[in-house]
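Novice: My structure file target-v4.cif, mmCIF, C-alpha atoms, is below:
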data_structure
loop_
_atom_site.group_PDB
_atom_site.id
_atom_site.type_symbol
_atom_site.label_atom_id
_atom_site.label_comp_id
_atom_site.auth_asym_id
_atom_site.auth_seq_id
_atom_site.Cartn_x
_atom_site.Cartn_y
_atom_site.Cartn_z
ATOM 1 C CA MET A 19 -2.752 54.037 -210.251
ATOM 2 C CA ASP A 20 -1.714 56.379 -207.461
ATOM 3 C CA PRO A 21 -4.044 57.018 -204.484
ATOM 4 C CA ALA A 22 -5.680 59.913 -206.356
ATOM 5 C CA GLY A 23 -6.735 57.526 -209.138
ATOM 6 C CA VAL A 24 -4.291 58.922 -211.698
ATOM 7 C CA PRO A 25 -2.724 56.291 -213.987
ATOM 8 C CA SER A 26 1.071 56.200 -214.233
ATOM 9 C CA LEU A 27 3.508 55.532 -217.057
ATOM 10 C CA THR A 28 6.439 53.237 -216.257
ATOM 11 C CA PHE A 29 9.962 54.312 -217.205
ATOM 12 C CA ASN A 30 12.598 51.973 -218.639
ATOM 13 C CA ASN A 31 14.276 51.932 -215.196
ATOM 14 C CA GLY A 32 11.094 50.862 -213.368
ATOM 15 C CA TYR A 33 10.165 54.225 -211.838
ATOM 16 C CA LYS A 34 6.619 55.462 -212.459
ATOM 17 C CA MET A 35 5.408 58.942 -213.442
ATOM 18 C CA PRO A 36 1.755 60.041 -213.045
ATOM 19 C CA ILE A 37 0.329 60.644 -216.522
ATOM 20 C CA ILE A 38 -0.932 64.114 -215.579
ATOM 21 C CA GLY A 39 1.072 66.809 -213.829
ATOM 22 C CA LEU A 40 0.937 70.517 -213.094
ATOM 23 C CA GLY A 41 2.997 72.639 -215.468
ATOM 24 C CA THR A 42 4.619 75.700 -213.883
ATOM 25 C CA TRP A 43 5.983 77.573 -216.923
ATOM 26 C CA LYS A 44 4.676 81.163 -216.973
ATOM 27 C CA SER A 45 3.175 80.782 -213.477
ATOM 28 C CA LYS A 46 4.030 83.961 -211.587
ATOM 29 C CA PRO A 47 6.054 83.428 -208.409
ATOM 30 C CA GLY A 48 3.298 85.035 -206.328
ATOM 31 C CA GLU A 49 0.587 82.622 -207.506
ATOM 32 C CA VAL A 50 2.416 79.351 -208.091
ATOM 33 C CA THR A 51 2.678 78.381 -204.386
ATOM 34 C CA GLN A 52 -1.090 78.502 -204.137
ATOM 35 C CA ALA A 53 -1.467 76.652 -207.453
ATOM 36 C CA VAL A 54 0.765 73.822 -206.188
ATOM 37 C CA MET A 55 -1.255 73.523 -202.975
ATOM 38 C CA GLU A 56 -4.557 73.548 -204.911
ATOM 39 C CA ALA A 57 -3.166 70.900 -207.247
ATOM 40 C CA ILE A 58 -2.145 68.596 -204.380
ATOM 41 C CA ASP A 59 -5.632 68.947 -202.884
ATOM 42 C CA ALA A 60 -7.092 68.083 -206.328
ATOM 43 C CA GLY A 61 -5.018 64.877 -206.520
ATOM 44 C CA TYR A 62 -1.953 65.979 -208.515
ATOM 45 C CA ARG A 63 1.326 64.339 -207.489
ATOM 46 C CA HIS A 64 3.428 65.237 -210.555
ATOM 47 C CA PHE A 65 4.974 68.726 -210.806
ATOM 48 C CA ASP A 66 6.913 69.973 -213.819
ATOM 49 C CA CYS A 67 9.483 72.666 -213.046
ATOM 50 C CA ALA A 68 12.577 74.233 -214.624
ATOM 51 C CA TYR A 69 15.418 76.515 -213.593
ATOM 52 C CA ILE A 70 14.539 79.064 -216.289
ATOM 53 C CA TYR A 71 10.949 79.444 -215.022
ATOM 54 C CA GLY A 72 12.296 81.468 -212.093
ATOM 55 C CA ASN A 73 9.732 80.117 -209.617
ATOM 56 C CA GLU A 74 11.233 76.920 -208.172
ATOM 57 C CA THR A 75 11.493 78.452 -204.695
ATOM 58 C CA GLU A 76 7.747 79.162 -204.683
ATOM 59 C CA VAL A 77 6.909 75.707 -206.092
ATOM 60 C CA GLY A 78 9.019 74.204 -203.309
ATOM 61 C CA GLU A 79 7.169 76.279 -200.733
ATOM 62 C CA GLY A 80 3.832 74.818 -201.859
ATOM 63 C CA LEU A 81 5.249 71.290 -201.688
ATOM 64 C CA ARG A 82 6.770 71.934 -198.239
ATOM 65 C CA ILE A 83 3.533 73.301 -196.767
ATOM 66 C CA LYS A 84 1.595 70.207 -197.887
ATOM 67 C CA MET A 85 4.337 67.823 -196.721
ATOM 68 C CA ASP A 86 4.588 69.563 -193.332
ATOM 69 C CA ALA A 87 0.796 69.301 -192.972
ATOM 70 C CA GLY A 88 1.000 65.554 -193.584
ATOM 71 C CA VAL A 89 -1.141 65.735 -196.736
ATOM 72 C CA VAL A 90 1.614 64.113 -198.843
ATOM 73 C CA LYS A 91 5.006 62.528 -198.236
ATOM 74 C CA ARG A 92 8.036 63.104 -200.463
ATOM 75 C CA GLU A 93 7.712 59.588 -201.889
ATOM 76 C CA ASP A 94 4.146 60.408 -203.024
ATOM 77 C CA LEU A 95 5.457 63.203 -205.258
ATOM 78 C CA PHE A 96 7.039 63.158 -208.706
ATOM 79 C CA VAL A 97 9.068 66.327 -209.316
ATOM 80 C CA THR A 98 10.777 67.186 -212.608
ATOM 81 C CA SER A 99 13.230 70.001 -213.270
ATOM 82 C CA LYS A 100 15.363 70.959 -216.253
ATOM 83 C CA LEU A 101 18.978 71.970 -216.845
ATOM 84 C CA TRP A 102 19.080 75.379 -218.499
ATOM 85 C CA ASN A 103 21.122 76.119 -221.633
ATOM 86 C CA THR A 104 23.797 78.201 -219.867
ATOM 87 C CA PHE A 105 24.768 75.234 -217.658
ATOM 88 C CA HIS A 106 25.572 72.566 -220.277
ATOM 89 C CA ARG A 107 29.335 72.818 -219.679
ATOM 90 C CA PRO A 108 30.315 69.753 -217.619
ATOM 91 C CA ASP A 109 31.628 71.706 -214.600
ATOM 92 C CA LEU A 110 28.340 73.650 -214.332
ATOM 93 C CA VAL A 111 25.882 70.740 -214.523
ATOM 94 C CA GLU A 112 25.925 69.434 -210.941
ATOM 95 C CA PRO A 113 25.948 72.920 -209.318
ATOM 96 C CA ALA A 114 22.869 73.870 -211.412
ATOM 97 C CA LEU A 115 21.065 70.683 -210.388
ATOM 98 C CA LYS A 116 21.932 71.296 -206.732
ATOM 99 C CA GLU A 117 20.655 74.874 -206.990
ATOM 100 C CA SER A 118 17.301 73.621 -208.296
ATOM 101 C CA LEU A 119 17.157 71.074 -205.451
ATOM 102 C CA GLN A 120 17.931 73.772 -202.893
ATOM 103 C CA LYS A 121 15.232 76.079 -204.302
ATOM 104 C CA LEU A 122 12.671 73.244 -204.369
ATOM 105 C CA GLY A 123 13.657 72.158 -200.846
ATOM 106 C CA LEU A 124 14.324 68.584 -201.995
ATOM 107 C CA THR A 125 17.217 66.143 -201.642
ATOM 108 C CA TYR A 126 16.570 64.454 -205.004
ATOM 109 C CA LEU A 127 14.596 64.952 -208.218
ATOM 110 C CA ASP A 128 12.470 62.235 -209.771
ATOM 111 C CA LEU A 129 13.369 63.411 -213.277
ATOM 112 C CA TYR A 130 15.924 65.867 -214.646
ATOM 113 C CA LEU A 131 15.854 66.894 -218.306
ATOM 114 C CA ILE A 132 18.277 68.708 -220.579
ATOM 115 C CA HIS A 133 15.901 71.552 -221.430
ATOM 116 C CA TRP A 134 17.161 72.140 -224.999
ATOM 117 C CA PRO A 135 19.855 70.432 -227.084
ATOM 118 C CA PHE A 136 21.703 73.714 -227.710
ATOM 119 C CA ALA A 137 23.880 75.579 -225.201
ATOM 120 C CA PHE A 138 24.099 79.308 -224.476
ATOM 121 C CA GLN A 139 27.208 81.237 -223.457
ATOM 122 C CA GLU A 140 28.104 80.483 -219.856
ATOM 123 C CA GLY A 141 28.771 82.771 -216.923
ATOM 124 C CA GLY A 142 26.313 85.619 -217.451
ATOM 125 C CA ASP A 143 22.656 86.157 -218.238
ATOM 126 C CA LEU A 144 20.351 83.174 -218.682
ATOM 127 C CA LEU A 145 19.547 84.646 -222.120
ATOM 128 C CA PRO A 146 22.978 86.183 -222.910
ATOM 129 C CA PRO A 147 22.461 89.026 -225.402
ATOM 130 C CA GLY A 148 24.786 89.344 -228.376
ATOM 131 C CA PRO A 149 25.751 92.569 -230.160
ATOM 132 C CA ASP A 150 23.118 92.056 -232.883
ATOM 133 C CA GLY A 151 20.270 91.237 -230.472
ATOM 134 C CA ALA A 152 20.695 87.489 -230.993
ATOM 135 C CA ILE A 153 21.548 85.171 -228.120
ATOM 136 C CA MET A 154 25.187 84.300 -227.524
ATOM 137 C CA LEU A 155 25.616 80.577 -228.136
ATOM 138 C CA SER A 156 28.059 78.054 -226.706
ATOM 139 C CA ASP A 157 29.434 75.035 -228.555
ATOM 140 C CA VAL A 158 29.174 72.540 -225.665
ATOM 141 C CA ASP A 159 28.044 69.125 -226.905
ATOM 142 C CA TYR A 160 25.028 67.717 -225.027
ATOM 143 C CA LEU A 161 26.753 64.300 -224.946
ATOM 144 C CA ASP A 162 29.364 65.788 -222.589
ATOM 145 C CA THR A 163 26.507 67.204 -220.498
ATOM 146 C CA TRP A 164 24.813 63.788 -220.395
ATOM 147 C CA SER A 165 27.855 61.974 -218.998
ATOM 148 C CA VAL A 166 27.905 64.340 -215.994
ATOM 149 C CA LEU A 167 24.169 63.852 -215.470
ATOM 150 C CA GLU A 168 24.780 60.096 -215.289
ATOM 151 C CA ARG A 169 27.136 60.720 -212.361
ATOM 152 C CA CYS A 170 24.372 62.750 -210.691
ATOM 153 C CA VAL A 171 22.194 59.621 -210.852
ATOM 154 C CA ASP A 172 25.031 57.625 -209.261
ATOM 155 C CA ARG A 173 25.149 60.192 -206.421
ATOM 156 C CA GLY A 174 21.417 59.925 -205.741
ATOM 157 C CA LEU A 175 20.670 63.518 -206.752
ATOM 158 C CA VAL A 176 18.217 62.386 -209.423
ATOM 159 C CA ARG A 177 16.426 59.109 -210.155
ATOM 160 C CA SER A 178 15.709 59.367 -213.884
ATOM 161 C CA LEU A 179 17.161 61.408 -216.734
ATOM 162 C CA GLY A 180 15.530 62.702 -219.876
ATOM 163 C CA LEU A 181 15.579 65.189 -222.705
ATOM 164 C CA ALA A 182 13.321 68.022 -223.824
ATOM 165 C CA ASN A 183 12.909 69.480 -227.300
ATOM 166 C CA PHE A 184 15.345 67.001 -228.882
ATOM 167 C CA ASN A 185 14.624 65.551 -232.321
ATOM 168 C CA SER A 186 14.824 61.830 -233.122
ATOM 169 C CA GLN A 187 18.409 61.951 -234.432
ATOM 170 C CA GLN A 188 19.528 63.756 -231.277
ATOM 171 C CA VAL A 189 17.750 61.242 -229.032
ATOM 172 C CA ASP A 190 19.424 58.410 -230.959
ATOM 173 C CA ARG A 191 22.799 60.084 -230.543
ATOM 174 C CA VAL A 192 22.314 60.068 -226.755
ATOM 175 C CA LEU A 193 21.070 56.459 -226.778
ATOM 176 C CA ARG A 194 24.215 55.313 -228.593
ATOM 177 C CA VAL A 195 26.532 56.464 -225.785
ATOM 178 C CA ALA A 196 24.283 56.503 -222.690
ATOM 179 C CA ARG A 197 25.119 54.344 -219.688
ATOM 180 C CA VAL A 198 21.924 55.697 -218.074
ATOM 181 C CA LYS A 199 19.300 55.629 -220.832
ATOM 182 C CA PRO A 200 16.954 58.592 -221.238
ATOM 183 C CA ALA A 201 13.627 57.636 -219.644
ATOM 184 C CA ASN A 202 11.581 60.568 -220.926
ATOM 185 C CA LEU A 203 11.343 63.004 -223.820
ATOM 186 C CA GLN A 204 9.329 66.168 -223.238
ATOM 187 C CA ILE A 205 8.045 67.853 -226.397
ATOM 188 C CA GLU A 206 5.424 70.368 -227.464
ATOM 189 C CA CYS A 207 2.398 68.248 -228.363
ATOM 190 C CA ASN A 208 -1.292 69.045 -228.863
ATOM 191 C CA PRO A 209 -4.041 68.521 -231.492
ATOM 192 C CA TYR A 210 -2.384 71.090 -233.799
ATOM 193 C CA LEU A 211 1.096 69.527 -233.336
ATOM 194 C CA LEU A 212 0.530 65.768 -233.429
ATOM 195 C CA GLN A 213 4.197 64.605 -233.275
ATOM 196 C CA LYS A 214 3.050 61.139 -234.372
ATOM 197 C CA GLU A 215 6.406 59.918 -235.721
ATOM 198 C CA LEU A 216 8.429 61.199 -232.765
ATOM 199 C CA VAL A 217 6.012 59.702 -230.213
ATOM 200 C CA GLN A 218 6.193 56.325 -231.988
ATOM 201 C CA PHE A 219 9.995 56.588 -232.248
ATOM 202 C CA CYS A 220 10.175 57.026 -228.464
ATOM 203 C CA LYS A 221 7.725 54.198 -227.745
ATOM 204 C CA ASP A 222 9.800 51.862 -229.927
ATOM 205 C CA ARG A 223 12.823 52.690 -227.750
ATOM 206 C CA GLY A 224 11.119 52.480 -224.364
ATOM 207 C CA ILE A 225 11.109 56.242 -223.792
ATOM 208 C CA VAL A 226 8.017 57.798 -222.190
ATOM 209 C CA VAL A 227 6.791 61.017 -223.853
ATOM 210 C CA THR A 228 5.468 64.073 -222.008
ATOM 211 C CA GLY A 229 3.531 66.653 -224.024
ATOM 212 C CA TYR A 230 3.916 70.276 -222.960
ATOM 213 C CA SER A 231 1.596 73.067 -224.118
ATOM 214 C CA PRO A 232 -1.112 70.389 -224.537
ATOM 215 C CA LEU A 233 -3.755 73.093 -225.021
ATOM 216 C CA GLY A 234 -1.752 75.015 -227.643
ATOM 217 C CA SER A 235 -0.272 77.554 -225.206
ATOM 218 C CA PRO A 236 -2.392 80.591 -226.218
ATOM 219 C CA ASP A 237 -0.789 82.605 -223.381
ATOM 220 C CA SER A 238 2.744 81.822 -224.602
ATOM 221 C CA PRO A 239 5.040 84.808 -225.285
ATOM 222 C CA TYR A 240 5.725 83.125 -228.652
ATOM 223 C CA PHE A 241 2.052 82.903 -229.642
ATOM 224 C CA VAL A 242 1.508 85.094 -232.728
ATOM 225 C CA SER A 243 -1.776 86.981 -232.959
ATOM 226 C CA GLY A 244 -4.053 85.461 -235.587
ATOM 227 C CA THR A 245 -2.653 81.929 -235.121
ATOM 228 C CA PRO A 246 -5.441 79.311 -234.911
ATOM 229 C CA ARG A 247 -6.199 78.381 -231.296
ATOM 230 C CA VAL A 248 -6.687 74.767 -230.217
ATOM 231 C CA LEU A 249 -9.326 75.816 -227.675
ATOM 232 C CA ASP A 250 -11.450 77.412 -230.444
ATOM 233 C CA ASP A 251 -11.417 74.372 -232.738
ATOM 234 C CA PRO A 252 -14.934 73.421 -233.971
ATOM 235 C CA VAL A 253 -14.182 69.671 -234.153
ATOM 236 C CA LEU A 254 -12.957 69.664 -230.546
ATOM 237 C CA LYS A 255 -16.017 71.700 -229.534
ATOM 238 C CA GLN A 256 -18.333 69.087 -231.089
ATOM 239 C CA ILE A 257 -16.588 66.212 -229.328
ATOM 240 C CA ALA A 258 -16.605 68.132 -226.039
ATOM 241 C CA ALA A 259 -20.364 68.812 -226.315
ATOM 242 C CA ARG A 260 -20.987 65.108 -226.992
ATOM 243 C CA HIS A 261 -19.224 64.138 -223.750
ATOM 244 C CA GLY A 262 -20.360 67.064 -221.611
ATOM 245 C CA LYS A 263 -16.721 68.111 -221.237
ATOM 246 C CA SER A 264 -14.632 71.183 -222.068
ATOM 247 C CA VAL A 265 -12.414 71.456 -225.141
ATOM 248 C CA ALA A 266 -9.382 71.436 -222.828
ATOM 249 C CA GLN A 267 -10.523 68.160 -221.259
ATOM 250 C CA VAL A 268 -10.950 66.578 -224.707
ATOM 251 C CA ALA A 269 -7.448 67.699 -225.802
ATOM 252 C CA LEU A 270 -5.929 66.287 -222.601
ATOM 253 C CA ARG A 271 -7.923 63.043 -222.858
ATOM 254 C CA TRP A 272 -6.734 62.595 -226.468
ATOM 255 C CA LEU A 273 -3.087 62.771 -225.336
ATOM 256 C CA VAL A 274 -3.652 60.499 -222.333
ATOM 257 C CA GLN A 275 -5.276 57.881 -224.583
ATOM 258 C CA ARG A 276 -2.183 58.038 -226.817
ATOM 259 C CA GLY A 277 -0.079 57.159 -223.751
ATOM 260 C CA VAL A 278 1.446 60.641 -223.615
ATOM 261 C CA ALA A 279 1.816 62.362 -220.226
ATOM 262 C CA VAL A 280 0.376 65.889 -220.001
ATOM 263 C CA ILE A 281 1.439 68.866 -217.880
ATOM 264 C CA PRO A 282 -1.170 71.615 -218.360
ATOM 265 C CA LYS A 283 -0.274 74.841 -216.578
ATOM 266 C CA SER A 284 -2.910 76.714 -214.628
ATOM 267 C CA ALA A 285 -3.041 78.982 -211.616
ATOM 268 C CA SER A 286 -6.855 78.779 -211.415
ATOM 269 C CA ALA A 287 -8.218 76.344 -208.807
ATOM 270 C CA VAL A 288 -11.238 75.619 -211.021
ATOM 271 C CA ARG A 289 -9.142 74.817 -214.116
ATOM 272 C CA ILE A 290 -6.612 72.830 -212.091
ATOM 273 C CA ARG A 291 -9.482 70.549 -211.043
ATOM 274 C CA GLN A 292 -11.038 70.483 -214.515
ATOM 275 C CA ASN A 293 -7.699 69.457 -216.074
ATOM 276 C CA MET A 294 -7.566 66.483 -213.706
ATOM 277 C CA ALA A 295 -11.127 65.359 -214.593
ATOM 278 C CA VAL A 296 -10.173 63.411 -217.725
ATOM 279 C CA PHE A 297 -10.371 59.843 -216.407
ATOM 280 C CA ASP A 298 -14.171 59.467 -216.311
ATOM 281 C CA PHE A 299 -14.759 59.411 -220.082
ATOM 282 C CA GLN A 300 -13.197 57.871 -223.186
ATOM 283 C CA LEU A 301 -12.862 59.036 -226.777
ATOM 284 C CA SER A 302 -13.959 56.543 -229.440
ATOM 285 C CA GLU A 303 -11.546 55.411 -232.153
ATOM 286 C CA GLU A 304 -13.423 57.639 -234.568
ATOM 287 C CA GLU A 305 -13.062 60.649 -232.253
ATOM 288 C CA MET A 306 -9.349 59.926 -231.758
ATOM 289 C CA SER A 307 -8.913 59.849 -235.559
ATOM 290 C CA SER A 308 -10.862 63.100 -235.915
ATOM 291 C CA VAL A 309 -8.498 64.825 -233.493
ATOM 292 C CA ASP A 310 -5.468 63.279 -235.241
ATOM 293 C CA GLY A 311 -6.780 64.874 -238.446
ATOM 294 C CA LEU A 312 -6.479 68.377 -236.954
ATOM 295 C CA ASP A 313 -2.657 68.338 -237.145
ATOM 296 C CA LYS A 314 -1.299 71.612 -238.559
ATOM 297 C CA HIS A 315 2.384 71.037 -237.618
ATOM 298 C CA LEU A 316 1.890 74.281 -235.685
ATOM 299 C CA ARG A 317 4.856 74.785 -233.365
ATOM 300 C CA ILE A 318 4.533 77.761 -231.000
ATOM 301 C CA CYS A 319 7.695 77.255 -228.920
ATOM 302 C CA HIS A 320 10.317 77.224 -231.685
ATOM 303 C CA ARG A 321 13.208 79.171 -230.074
ATOM 304 C CA ASP A 322 14.228 80.747 -233.366
ATOM 305 C CA HIS A 323 16.914 82.762 -231.593
ATOM 306 C CA ALA A 324 19.089 79.607 -231.523
ATOM 307 C CA ARG A 325 18.492 78.718 -235.166
ATOM 308 C CA ASN A 326 22.195 79.127 -235.996
ATOM 309 C CA HIS A 327 23.316 76.603 -233.376
ATOM 310 C CA ARG A 328 24.569 73.287 -234.781
ATOM 311 C CA HIS A 329 22.237 71.470 -232.352
ATOM 312 C CA TYR A 330 19.092 73.449 -233.208
ATOM 313 C CA PRO A 331 16.464 70.668 -233.292
ATOM 314 C CA PHE A 332 13.814 71.906 -235.752
#
Before we go any further, please render this structure as structure tokens.

Specialist:
Amino acid sequence: MDPAGVPSLTFNNGYKMPIIGLGTWKSKPGEVTQAVMEAIDAGYRHFDCAYIYGNETEVGEGLRIKMDAGVVKREDLFVTSKLWNTFHRPDLVEPALKESLQKLGLTYLDLYLIHWPFAFQEGGDLLPPGPDGAIMLSDVDYLDTWSVLERCVDRGLVRSLGLANFNSQQVDRVLRVARVKPANLQIECNPYLLQKELVQFCKDRGIVVTGYSPLGSPDSPYFVSGTPRVLDDPVLKQIAARHGKSVAQVALRWLVQRGVAVIPKSASAVRIRQNMAVFDFQLSEEEMSSVDGLDKHLRICHRDHARNHRHYPF
């Protein structure tokens, strides 16, 4: 456990990652600095960032203020970022990583993930528009990207490497050639998207899983009106009432008890603290099974615009 009482998961290279972190996707640049500072005060030490989120400078500002004040030291923190799809080409990988480091005000990352297995056309927009409104794709193979990331580990720019949104065959393909094994797979995971087989697949191979959108991401730009909402689920409401907890706390506790790290995003000081308060109660085996039974295979973050890419994972 870290000093804030948060359990950690141990990577296959010996490094540890706190099982709960602050997600920063969709956090507006103006509010995320404050959210990071609130989170540190609430005991968070794990921060999940990405180039595409467009707010790494503001996240870094929150970290810097708390480090300068002596509240935390760099070695207390676990900071993740992700390589965006337009930077998969080998010559672009290290410059993109260094740009994220510069924005975050750090000399190294604890974890760096390939954000998606498919690449977008390089050299222009982060979401390069094609003539038909689709996104312009690039044919770079993520195995070529991975070999450059391994050299970034050698140079001390990052401690651990991982993948995000890869399927089991794609993870296996990396494992077959990797000199530095992936330590983490980050996937969408919540009571409506159980991911049981993929989580077990990773555990069998010594890969720690992080679940993003653990509350079903109702504020996601991809959330379709009329889709069932995790936070409205009657079974979760019953379990929450039994424990005197919120539905969000039950959903997070369910993932934590499965050994899956969680990175709920919030800019609200109250919810940031509530999301951390999941270590003072336990779900029974029966309750865990009840939540497992809610699976709807409901994926919100599907990135359909890359469906024609040979590495599209779903």

Novice: Counting all atoms listed in the file, which residue out of A:Tyr130, A:Pro239, A:Thr228, A:Thr245 sits closest to A:Val274?

Specialist: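 Checking each of A:Tyr130, A:Pro239, A:Thr228, A:Thr245 against A:Val274, counting all atoms listed in the file, the winner is A:Thr228.
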
Novice: Report the distance between atom CA of A:Ala266 and atom CA of A:Ala287 in Å, rounded to one decimal place.

Specialist: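 Computed distance, atom CA of A:Ala266 to atom CA of A:Ala287, equals 14.9 Å.
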
Novice: Apply the PyMOL selection byres ((chain A and resi 212-223) around 9) to the displayed file and report the matching residues as a PDB file with C-alpha atoms, in the coordinates of the input.

Specialist:
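The file below, result.pdb, is the result:
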ATOM      1  CA  ASN A 185      14.624  65.551-232.321  1.00  0.00           C
ATOM      2  CA  SER A 186      14.824  61.830-233.122  1.00  0.00           C
ATOM      3  CA  VAL A 189      17.750  61.242-229.032  1.00  0.00           C
ATOM      4  CA  ASN A 202      11.581  60.568-220.926  1.00  0.00           C
ATOM      5  CA  LEU A 203      11.343  63.004-223.820  1.00  0.00           C
ATOM      6  CA  ILE A 205       8.045  67.853-226.397  1.00  0.00           C
ATOM      7  CA  GLU A 206       5.424  70.368-227.464  1.00  0.00           C
ATOM      8  CA  CYS A 207       2.398  68.248-228.363  1.00  0.00           C
ATOM      9  CA  ASN A 208      -1.292  69.045-228.863  1.00  0.00           C
ATOM     10  CA  PRO A 209      -4.041  68.521-231.492  1.00  0.00           C
ATOM     11  CA  TYR A 210      -2.384  71.090-233.799  1.00  0.00           C
ATOM     12  CA  LEU A 211       1.096  69.527-233.336  1.00  0.00           C
ATOM     13  CA  GLY A 224      11.119  52.480-224.364  1.00  0.00           C
ATOM     14  CA  ILE A 225      11.109  56.242-223.792  1.00  0.00           C
ATOM     15  CA  VAL A 226       8.017  57.798-222.190  1.00  0.00           C
ATOM     16  CA  VAL A 227       6.791  61.017-223.853  1.00  0.00           C
ATOM     17  CA  VAL A 278       1.446  60.641-223.615  1.00  0.00           C
ATOM     18  CA  ASP A 310      -5.468  63.279-235.241  1.00  0.00           C
ATOM     19  CA  GLY A 311      -6.780  64.874-238.446  1.00  0.00           C
ATOM     20  CA  LEU A 312      -6.479  68.377-236.954  1.00  0.00           C
ATOM     21  CA  ASP A 313      -2.657  68.338-237.145  1.00  0.00           C
ATOM     22  CA  LYS A 314      -1.299  71.612-238.559  1.00  0.00           C
ATOM     23  CA  HIS A 315       2.384  71.037-237.618  1.00  0.00           C
ATOM     24  CA  LEU A 316       1.890  74.281-235.685  1.00  0.00           C
TER      25      LEU A 316
END

Novice: Have a look at atom CA of A:Glu168 and atom CA of A:Pro146 and let me know their distance in Å, one decimal.

Specialist: 27.2 Å

Novice: For A:Pro282, find every residue with an atom within 9 Å (counting all atoms listed in the file), except residues of its own chain fewer than 2 positions away, and show them as a VMD selection string.

Specialist: chain A and resid 38 to 42 229 to 233 270 280 284 290 293

Novice: Of the candidates A:Thr125, A:Asn31, A:Ser286, A:Ser308, which shows the shortest atom-to-atom distance to A:Glu49, using all atoms listed in the file?

Specialist: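 Answer, going by the shortest atom-to-atom distance: A:Ser286.
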
Novice: Quick one: pull the distance between atom CA of A:Asp94 and atom CA of A:Val176, Å, one decimal.

Specialist: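 Going from atom CA of A:Asp94 over to atom CA of A:Val176, I get 15.6 Å.
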
Novice: Using only C-alpha atoms, which residue out of A:Ile318, A:Val89, A:His64, A:Gly48 lies closest to A:Tyr240?

Specialist: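 Looking only at the distances to A:Tyr240, the closest residue turns out to be A:Ile318.
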